[in-house]
$ cat query-v3.txt   # compact mmCIF, C-alpha atoms
# COMPACT_ATOMS: atom_id res chain seq x y z
CA MET T 294 125.38 95.43 109.80
CA ARG T 295 128.73 96.82 108.79
CA ALA T 296 129.58 96.70 105.08
CA ALA T 297 132.48 97.92 102.95
CA LEU T 298 133.02 98.96 99.33
CA VAL T 299 136.27 97.91 97.65
CA GLN T 300 137.58 100.38 95.07
CA LEU T 301 140.04 98.99 92.51
CA ASN T 302 142.28 100.09 89.68
CA SER T 303 142.26 96.80 87.80
CA GLY T 304 144.47 96.21 84.77
CA ASP T 305 144.34 93.42 82.20
CA ASP T 306 146.34 90.85 84.22
CA PRO T 307 143.80 88.76 86.20
CA ASP T 308 146.43 87.27 88.53
CA ARG T 309 147.74 90.68 89.55
CA ASN T 310 144.20 92.00 89.98
CA LEU T 311 143.29 89.04 92.17
CA ALA T 312 146.19 89.67 94.54
CA VAL T 313 145.12 93.29 95.08
CA THR T 314 141.44 92.40 95.39
CA ALA T 315 142.06 89.64 97.92
CA GLU T 316 144.19 91.94 100.07
CA LEU T 317 141.48 94.61 100.15
CA VAL T 318 138.70 92.10 100.84
CA GLU T 319 140.77 90.82 103.76
CA ARG T 320 141.24 94.37 105.04
CA ALA T 321 137.51 95.07 104.83
CA ALA T 322 136.60 91.88 106.66
CA ASN T 323 139.18 92.55 109.37
CA SER T 324 137.56 95.94 109.94
CA GLY T 325 134.31 94.18 110.82
CA ALA T 326 132.45 94.20 107.51
CA GLY T 327 130.02 91.32 107.10
CA LEU T 328 129.25 92.35 103.51
CA VAL T 329 132.06 93.33 101.12
CA LEU T 330 131.52 94.51 97.53
CA THR T 331 134.00 94.75 94.63
CA PRO T 332 133.55 96.65 91.31
CA GLU T 333 132.60 95.70 87.78
CA ILE T 334 135.20 93.67 85.84
CA THR T 335 137.18 92.98 89.00
CA ASN T 336 139.31 90.44 87.15
CA CYS T 337 140.27 92.15 83.87
CA VAL T 338 139.86 95.63 82.38
CA SER T 339 140.56 95.18 78.67
CA SER T 340 139.13 96.00 75.25
CA ASP T 341 141.53 93.67 73.41
CA ARG T 342 139.55 90.58 72.41
CA THR T 343 142.67 88.60 71.53
CA HIS T 344 144.07 89.28 75.00
CA GLN T 345 140.73 88.45 76.61
CA ARG T 346 140.60 85.09 74.84
CA ALA T 347 144.10 84.34 76.13
CA VAL T 348 143.61 85.22 79.81
CA LEU T 349 139.91 84.70 80.59
CA HIS T 350 138.09 81.51 81.60
CA PRO T 351 134.59 80.04 81.74
CA GLU T 352 132.86 80.38 85.10
CA ASP T 353 133.57 76.80 86.18
CA ASP T 354 137.32 77.25 85.65
CA ASP T 355 137.81 80.88 86.64
CA PRO T 356 140.64 81.27 89.19
CA THR T 357 139.39 84.63 90.49
CA LEU T 358 135.95 83.27 91.27
CA ALA T 359 137.38 80.16 92.95
CA ALA T 360 139.83 82.15 95.07
CA LEU T 361 137.28 84.74 96.19
CA ARG T 362 134.75 82.04 97.08
CA GLU T 363 137.37 80.36 99.25
CA GLN T 364 138.24 83.69 100.85
CA ALA T 365 134.59 84.50 101.63
CA ALA T 366 134.23 81.12 103.33
CA ARG T 367 137.43 81.56 105.34
CA LEU T 368 136.46 85.06 106.45
CA ARG T 369 132.78 84.12 106.97
CA ILE T 370 131.52 87.12 104.99
CA TRP T 371 128.99 87.85 102.30
CA LEU T 372 130.88 88.94 99.19
CA LEU T 373 129.51 90.63 96.10
CA ILE T 374 131.98 90.13 93.26
CA GLY T 375 130.80 93.13 91.26
CA SER T 376 131.43 91.36 88.00
CA LEU T 377 133.89 89.12 86.22
CA ALA T 378 134.57 88.97 82.49
CA LEU T 379 134.05 85.31 81.60
CA LYS T 380 134.04 83.12 78.51
CA SER T 381 130.41 82.25 77.87
CA GLY T 382 130.62 79.44 75.34
CA ASP T 383 128.48 81.44 72.92
CA ALA T 384 128.98 80.58 69.27
CA ASP T 385 129.93 84.16 68.41
CA GLY T 386 132.65 84.17 71.06
CA ARG T 387 131.19 86.98 73.11
CA LEU T 388 131.88 87.09 76.85
CA ALA T 389 129.61 87.34 79.88
CA ASN T 390 129.81 90.32 82.25
CA ARG T 391 128.58 88.50 85.37
CA SER T 392 128.04 89.53 88.98
CA PHE T 393 128.18 86.97 91.81
CA LEU T 394 126.80 87.07 95.34
CA ILE T 395 128.75 84.69 97.59
CA ASP T 396 127.57 83.56 101.04
CA PRO T 397 129.75 82.91 104.15
CA ASP T 398 130.06 79.24 103.16
CA GLY T 399 131.59 80.26 99.83
CA ALA T 400 128.52 79.23 97.82
CA VAL T 401 127.20 81.23 94.89
CA VAL T 402 123.68 82.24 95.94
CA ALA T 403 122.99 84.51 92.95
CA ARG T 404 124.50 85.41 89.61
CA TYR T 405 123.46 88.18 87.27
CA ASP T 406 124.51 88.95 83.69
CA LYS T 407 124.56 92.65 82.78
CA ILE T 408 121.45 93.47 80.76
CA HIS T 409 122.24 96.88 79.24
CA MET T 410 125.30 97.13 77.00
CA PHE T 411 127.42 100.29 76.99
CA ASP T 412 127.34 101.18 73.28
CA VAL T 413 127.94 104.93 73.39
CA THR T 414 130.01 107.79 72.02
CA VAL T 415 131.12 109.80 75.04
CA SER T 416 133.14 112.35 73.05
CA SER T 417 134.82 112.80 69.68
CA ASN T 418 137.72 110.58 70.78
CA GLU T 419 136.05 108.22 73.26
CA SER T 420 133.52 105.57 72.28
CA TYR T 421 132.56 102.13 73.58
CA HIS T 422 130.84 99.16 71.93
CA GLU T 423 130.38 96.71 74.78
CA SER T 424 127.99 94.51 72.81
CA ASP T 425 130.81 93.66 70.39
CA ALA T 426 132.63 91.78 73.16
CA PHE T 427 129.87 90.93 75.68
CA ARG T 428 126.47 89.39 75.20
CA PRO T 429 123.66 90.92 77.27
CA GLY T 430 121.71 89.11 79.95
CA ASN T 431 117.92 89.08 80.00
CA ARG T 432 116.89 88.34 83.59
CA ALA T 433 116.56 90.61 86.63
CA VAL T 434 117.75 89.02 89.89
CA VAL T 435 116.76 89.53 93.54
CA ALA T 436 118.66 87.36 96.03
CA GLN T 437 117.54 86.39 99.52
CA THR T 438 120.30 86.69 102.12
CA ALA T 439 120.55 86.43 105.88
CA PHE T 440 120.46 90.23 106.13
CA GLY T 441 117.78 91.10 103.55
CA LYS T 442 116.94 90.98 99.86
CA VAL T 443 119.50 92.22 97.34
CA GLY T 444 118.78 93.35 93.78
CA LEU T 445 121.72 92.99 91.39
CA SER T 446 122.74 95.28 88.54
CA ILE T 447 125.93 96.44 86.80
CA CYS T 448 127.16 99.88 85.70
CA TYR T 449 125.22 101.08 82.59
CA ASP T 450 122.08 99.45 84.03
CA LEU T 451 122.03 102.51 86.31
CA ARG T 452 120.54 104.63 83.51
CA PHE T 453 117.42 102.44 83.25
CA PRO T 454 115.21 103.19 86.26
CA GLY T 455 112.60 100.62 85.28
CA LEU T 456 115.02 97.85 86.23
CA TYR T 457 115.39 99.22 89.76
CA GLN T 458 111.65 99.72 90.14
CA ALA T 459 111.20 96.06 89.20
CA LEU T 460 113.88 94.95 91.66
CA ALA T 461 112.32 96.96 94.48
CA ARG T 462 108.84 95.63 93.70
CA GLY T 463 110.42 92.17 93.70
CA GLY T 464 111.38 92.71 97.33
CA ALA T 465 114.87 94.22 97.09
CA GLN T 466 115.92 96.37 100.04
CA ILE T 467 119.51 96.79 98.83
CA LEU T 468 120.51 97.51 95.23
CA THR T 469 124.06 96.81 94.05
CA VAL T 470 125.60 98.82 91.19
CA PRO T 471 129.23 97.73 90.70
CA ALA T 472 130.73 99.86 87.97
CA ALA T 473 133.62 100.97 85.80
CA PHE T 474 132.07 104.37 84.97
CA THR T 475 134.06 106.51 82.57
CA ALA T 476 135.72 109.62 83.99
CA VAL T 477 133.69 111.90 81.70
CA THR T 478 130.23 110.43 82.36
CA GLY T 479 131.03 109.78 86.00
CA ALA T 480 131.81 113.41 86.73
CA ALA T 481 128.49 114.46 85.22
CA HIS T 482 126.07 111.69 86.17
CA TRP T 483 127.34 109.11 88.68
CA VAL T 484 126.28 110.67 91.98
CA PRO T 485 122.89 112.07 90.88
CA LEU T 486 121.87 108.80 89.23
CA LEU T 487 122.81 106.69 92.27
CA ARG T 488 121.00 109.04 94.65
CA ALA T 489 117.96 109.05 92.37
CA ARG T 490 117.76 105.24 92.29
CA ALA T 491 117.89 105.18 96.12
CA ILE T 492 115.27 107.90 96.51
CA GLU T 493 112.90 106.42 93.91
CA THR T 494 112.92 102.94 95.45
CA GLY T 495 113.59 103.56 99.15
CA CYS T 496 116.52 101.13 98.92
CA TYR T 497 120.14 101.25 99.96
CA VAL T 498 122.26 101.65 96.82
CA LEU T 499 125.78 100.21 97.05
CA ALA T 500 128.10 101.02 94.17
CA PRO T 501 131.74 99.83 94.30
CA ALA T 502 133.74 101.28 91.41
CA GLN T 503 136.91 101.12 89.37
CA THR T 504 139.09 104.22 89.62
CA GLY T 505 141.93 106.07 87.91
CA ARG T 506 144.09 105.40 84.87
CA HIS T 507 144.18 101.77 83.78
CA GLY T 508 147.41 101.13 81.91
CA LEU T 509 146.96 98.13 79.63
CA HIS T 510 149.50 95.77 78.08
CA ASP T 511 148.98 97.11 74.54
CA GLY T 512 149.79 100.68 75.57
CA ARG T 513 146.17 101.78 75.64
CA GLU T 514 144.82 103.70 78.60
CA ARG T 515 141.36 103.79 80.10
CA ARG T 516 140.19 106.21 82.80
CA THR T 517 137.41 105.50 85.28
CA PHE T 518 135.72 107.84 87.71
CA GLY T 519 136.04 106.08 91.06
CA HIS T 520 133.91 107.52 93.87
CA SER T 521 132.51 104.21 95.09
CA LEU T 522 129.29 105.25 96.78
CA ALA T 523 126.92 103.95 99.44
CA VAL T 524 123.59 105.78 99.52
CA SER T 525 120.84 105.50 102.14
CA PRO T 526 117.16 104.91 101.28
CA TRP T 527 116.59 108.63 101.90
CA GLY T 528 119.30 109.57 99.38
CA GLU T 529 122.08 110.45 101.83
CA VAL T 530 125.66 109.57 100.85
CA LEU T 531 127.05 107.25 103.55
CA ALA T 532 130.46 106.57 101.99
CA ASP T 533 132.39 108.06 99.06
CA GLY T 534 135.62 106.42 97.94
CA GLY T 535 136.96 109.46 96.13
CA GLU T 536 139.69 108.46 93.67
CA ALA T 537 141.78 106.20 95.92
CA VAL T 538 142.16 102.44 95.75
CA GLY T 539 141.01 101.09 99.10
CA THR T 540 138.11 100.02 101.30
CA PHE T 541 135.29 102.26 102.47
CA PRO T 542 133.09 101.09 105.37
CA PHE T 543 129.56 102.13 106.33
CA GLU T 544 126.56 100.80 108.27
CA ILE T 545 123.32 99.29 106.94
CA ASP T 546 120.10 99.35 108.97
CA LEU T 547 117.15 97.90 107.06
CA ASP T 548 114.74 99.70 109.38
CA GLU T 549 115.76 102.74 107.34
CA VAL T 550 114.28 101.11 104.23
CA ALA T 551 110.91 100.68 105.91
CA ALA T 552 111.05 104.21 107.32
CA ALA T 553 111.81 105.80 103.93
CA ARG T 554 109.00 103.88 102.26
CA ARG T 555 106.52 104.90 104.95
CA ARG T 556 107.43 108.55 104.45
CA ILE T 557 107.28 108.43 100.65
CA PRO T 558 105.34 105.30 99.54
CA ALA T 559 106.08 105.84 95.84
CA LEU T 560 106.37 102.13 95.07
CA ILE T 561 102.72 101.56 95.96
CA HIS T 562 101.52 104.81 94.39
CA ALA T 563 102.76 103.96 90.89
CA ARG T 564 99.92 103.66 88.39
CA ASP T 565 99.55 102.32 84.88
CA PHE T 566 98.72 104.94 82.27
CA GLU T 567 98.00 105.30 78.58
CA GLY T 568 100.01 107.11 75.91
CA PRO T 569 101.64 109.27 74.96
$ encode --input "query-v3.txt" --output "structure tokens"
Amino acid sequence: MRAALVQLNSGDDPDRNLAVTAELVERAANSGAGLVLTPEITNCVSSDRTHQRAVLHPEDDDPTLAALREQAARLRIWLLIGSLALKSGDADGRLANRSFLIDPDGAVVARYDKIHMFDVTVSSNESYHESDAFRPGNRAVVAQTAFGKVGLSICYDLRFPGLYQALARGGAQILTVPAAFTAVTGAAHWVPLLRARAIETGCYVLAPAQTGRHGLHDGRERRTFGHSLAVSPWGEVLADGGEAVGTFPFEIDLDEVAAARRRIPALIHARDFEGP
């Protein structure tokens, strides 16, 4: 099947982000893609909790989710909404960072809350404390679709190979890694980590990404790496979005998953061990 990655430069205005996203999803579908994927935090890139409380919604009331579900149904496509920032109803006020897989009827067939929180110090002047604003999920998700089984993940999850091993052993043939990778860590680690996850599992790895400088309403700026990537089960890069906002098509053939796993059957060779 034909698929397409959507690369965005989202800001902190969900309505404006939705307009751009919908236009690119339409473009991807019109090019023949039956599966379209958008990045992490498609609806709102922001670190301002006051602003987030003002513009974000719970899942049931989220305008971005409703509009993209309607669009998927109209276009008759599968749509991975990489993730949305959503009010969770938690007592501490933290948000959910939630990925959605939408079918061609517009139904949500799977949802996944990001498990691993990006609490890191990238450099002397760049640090992130995602767990302050978002509460982590605790459940790995593999979704059955008309074209195969899809394992869901988000961004920082990429650094935890055990999750992807579990998804592959749970039947996943395609792994999704929507992201808003920082420019610094992306330049060093993004491509090798994505290729490694594909090679280790014999899965397609599909990683739509945020890109560029994100100017925010409070004058802050955030930079993301871009380079949305599609990687084959043998580790070959099938599509690379570079730094441009746009859509990036490629082909998926699940026979390639079976072929890679026959050549290197690492999933069935894994053994339990003691120590260290």
$ closest_residue --input "query-v3.txt" --among "T:Ile334, T:Ala322, T:Leu487, T:Ala537" --to "Ser376 in chain T" --atoms "only C-alpha atoms"
T:Ile334
$ residues_near_point --input "query-v3.txt" --point "(114.3, 89.8, 103.5)" --cutoff "12 Å" --atoms "all atoms listed in the file" --output "compact mmCIF listing (two decimals) with C-alpha atoms, in the coordinates of the input"
# COMPACT_ATOMS: atom_id res chain seq x y z
CA VAL T 435 116.76 89.53 93.54
CA ALA T 436 118.66 87.36 96.03
CA GLN T 437 117.54 86.39 99.52
CA THR T 438 120.30 86.69 102.12
CA ALA T 439 120.55 86.43 105.88
CA PHE T 440 120.46 90.23 106.13
CA GLY T 441 117.78 91.10 103.55
CA LYS T 442 116.94 90.98 99.86
CA VAL T 443 119.50 92.22 97.34
CA GLY T 444 118.78 93.35 93.78
CA ALA T 461 112.32 96.96 94.48
CA GLY T 463 110.42 92.17 93.70
CA GLY T 464 111.38 92.71 97.33
CA ALA T 465 114.87 94.22 97.09
CA GLN T 466 115.92 96.37 100.04
CA ILE T 467 119.51 96.79 98.83
CA LEU T 547 117.15 97.90 107.06
CA ASP T 548 114.74 99.70 109.38
CA VAL T 550 114.28 101.11 104.23
CA ALA T 551 110.91 100.68 105.91
$ residues_around --input "query-v3.txt" --residues "Arg367 in chain T" --least-positions-apart "4" --cutoff "10 Å" --atoms "only C-alpha atoms" --output "ChimeraX atom specification"
/T:319,361-363,397-399
$ closest_residue --input "query-v3.txt" --among "T:Leu301, T:Ala360, T:Cys448, T:Ile374" --to "Ile395 in chain T" --atoms "only C-alpha atoms"
T:Ile374
$ atom_distance --input "query-v3.txt" --atom1 "CA of Glu549 in chain T" --atom2 "CA of Tyr497 in chain T"
8.7 Å
$ closest_residue --input "query-v3.txt" --among "T:Ser324, T:Phe427, T:Glu419, T:Arg462" --to "Arg516 in chain T" --atoms "all atoms listed in the file"
T:Glu419
$ atom_distance --input "query-v3.txt" --atom1 "CA of Phe411 in chain T" --atom2 "CA of Asn390 in chain T"
11.5 Å
$ residues_around --input "query-v3.txt" --residues "Arg309 in chain T" --least-positions-apart "2" --cutoff "12 Å" --atoms "all atoms listed in the file" --output "list in words"
Leu301, Asn302, Ser303, Gly304, Asp305, Asp306, Pro307, Leu311, Ala312, Val313, Thr314, Ala315, Glu316, Thr335, Asn336, Cys337, Val338, Val348, Pro356 and Thr357 of chain T
$ closest_residue --input "query-v3.txt" --among "T:Trp371, T:Tyr457, T:Tyr449, T:Phe393" --to "Pro429 in chain T" --atoms "only C-alpha atoms"
T:Tyr449
$ build_atoms --input "query-v3.txt" --residues "range 461-479 of chain T" --atoms "N, CA, C and O atoms" --output "mmCIF file, in the frame of the given file"
data_model
loop_
_atom_site.group_PDB
_atom_site.id
_atom_site.type_symbol
_atom_site.label_atom_id
_atom_site.label_comp_id
_atom_site.auth_asym_id
_atom_site.auth_seq_id
_atom_site.Cartn_x
_atom_site.Cartn_y
_atom_site.Cartn_z
ATOM 1 N N ALA T 461 112.932 96.562 93.215
ATOM 2 C CA ALA T 461 112.320 96.960 94.480
ATOM 3 C C ALA T 461 110.950 96.317 94.651
ATOM 4 O O ALA T 461 110.607 95.836 95.747
ATOM 5 N N ARG T 462 110.163 96.278 93.594
ATOM 6 C CA ARG T 462 108.840 95.630 93.700
ATOM 7 C C ARG T 462 108.987 94.118 93.876
ATOM 8 O O ARG T 462 108.078 93.463 94.377
ATOM 9 N N GLY T 463 110.139 93.584 93.476
ATOM 10 C CA GLY T 463 110.420 92.170 93.700
ATOM 11 C C GLY T 463 110.950 91.888 95.087
ATOM 12 O O GLY T 463 111.329 90.749 95.375
ATOM 13 N N GLY T 464 110.996 92.905 95.935
ATOM 14 C CA GLY T 464 111.380 92.710 97.330
ATOM 15 C C GLY T 464 112.727 93.248 97.718
ATOM 16 O O GLY T 464 113.091 93.221 98.905
ATOM 17 N N ALA T 465 113.513 93.763 96.766
ATOM 18 C CA ALA T 465 114.870 94.220 97.090
ATOM 19 C C ALA T 465 114.831 95.379 98.074
ATOM 20 O O ALA T 465 114.055 96.323 97.931
ATOM 21 N N GLN T 466 115.708 95.290 99.075
ATOM 22 C CA GLN T 466 115.920 96.370 100.040
ATOM 23 C C GLN T 466 117.279 97.040 99.823
ATOM 24 O O GLN T 466 117.509 98.163 100.256
ATOM 25 N N ILE T 467 118.170 96.315 99.165
ATOM 26 C CA ILE T 467 119.510 96.790 98.830
ATOM 27 C C ILE T 467 119.710 96.582 97.339
ATOM 28 O O ILE T 467 119.402 95.503 96.807
ATOM 29 N N LEU T 468 120.210 97.602 96.648
ATOM 30 C CA LEU T 468 120.510 97.510 95.230
ATOM 31 C C LEU T 468 122.017 97.641 95.046
ATOM 32 O O LEU T 468 122.626 98.564 95.596
ATOM 33 N N THR T 469 122.624 96.744 94.289
ATOM 34 C CA THR T 469 124.060 96.810 94.050
ATOM 35 C C THR T 469 124.316 97.281 92.622
ATOM 36 O O THR T 469 123.676 96.819 91.677
ATOM 37 N N VAL T 470 125.272 98.225 92.494
ATOM 38 C CA VAL T 470 125.600 98.820 91.190
ATOM 39 C C VAL T 470 127.111 98.861 91.020
ATOM 40 O O VAL T 470 127.719 99.946 90.935
ATOM 41 N N PRO T 471 127.791 97.711 90.973
ATOM 42 C CA PRO T 471 129.230 97.730 90.700
ATOM 43 C C PRO T 471 129.488 98.320 89.324
ATOM 44 O O PRO T 471 128.727 98.083 88.392
ATOM 45 N N ALA T 472 130.573 99.095 89.204
ATOM 46 C CA ALA T 472 130.730 99.860 87.970
ATOM 47 C C ALA T 472 132.185 100.087 87.609
ATOM 48 O O ALA T 472 133.091 99.984 88.440
ATOM 49 N N ALA T 473 132.366 100.411 86.315
ATOM 50 C CA ALA T 473 133.620 100.970 85.800
ATOM 51 C C ALA T 473 133.213 102.187 84.973
ATOM 52 O O ALA T 473 133.398 102.234 83.761
ATOM 53 N N PHE T 474 132.611 103.178 85.632
ATOM 54 C CA PHE T 474 132.070 104.370 84.970
ATOM 55 C C PHE T 474 133.220 105.175 84.374
ATOM 56 O O PHE T 474 134.260 105.362 85.008
ATOM 57 N N THR T 475 133.015 105.696 83.166
ATOM 58 C CA THR T 475 134.060 106.510 82.570
ATOM 59 C C THR T 475 134.247 107.799 83.372
ATOM 60 O O THR T 475 133.331 108.277 84.051
ATOM 61 N N ALA T 476 135.438 108.385 83.266
ATOM 62 C CA ALA T 476 135.720 109.620 83.990
ATOM 63 C C ALA T 476 134.793 110.753 83.535
ATOM 64 O O ALA T 476 134.317 111.553 84.351
ATOM 65 N N VAL T 477 134.515 110.820 82.234
ATOM 66 C CA VAL T 477 133.690 111.900 81.700
ATOM 67 C C VAL T 477 132.246 111.776 82.164
ATOM 68 O O VAL T 477 131.650 112.723 82.706
ATOM 69 N N THR T 478 131.639 110.603 81.966
ATOM 70 C CA THR T 478 130.230 110.430 82.360
ATOM 71 C C THR T 478 130.086 110.373 83.870
ATOM 72 O O THR T 478 129.071 110.807 84.422
ATOM 73 N N GLY T 479 131.097 109.860 84.547
ATOM 74 C CA GLY T 479 131.030 109.780 86.000
ATOM 75 C C GLY T 479 130.957 111.153 86.633
ATOM 76 O O GLY T 479 130.158 111.395 87.551
#
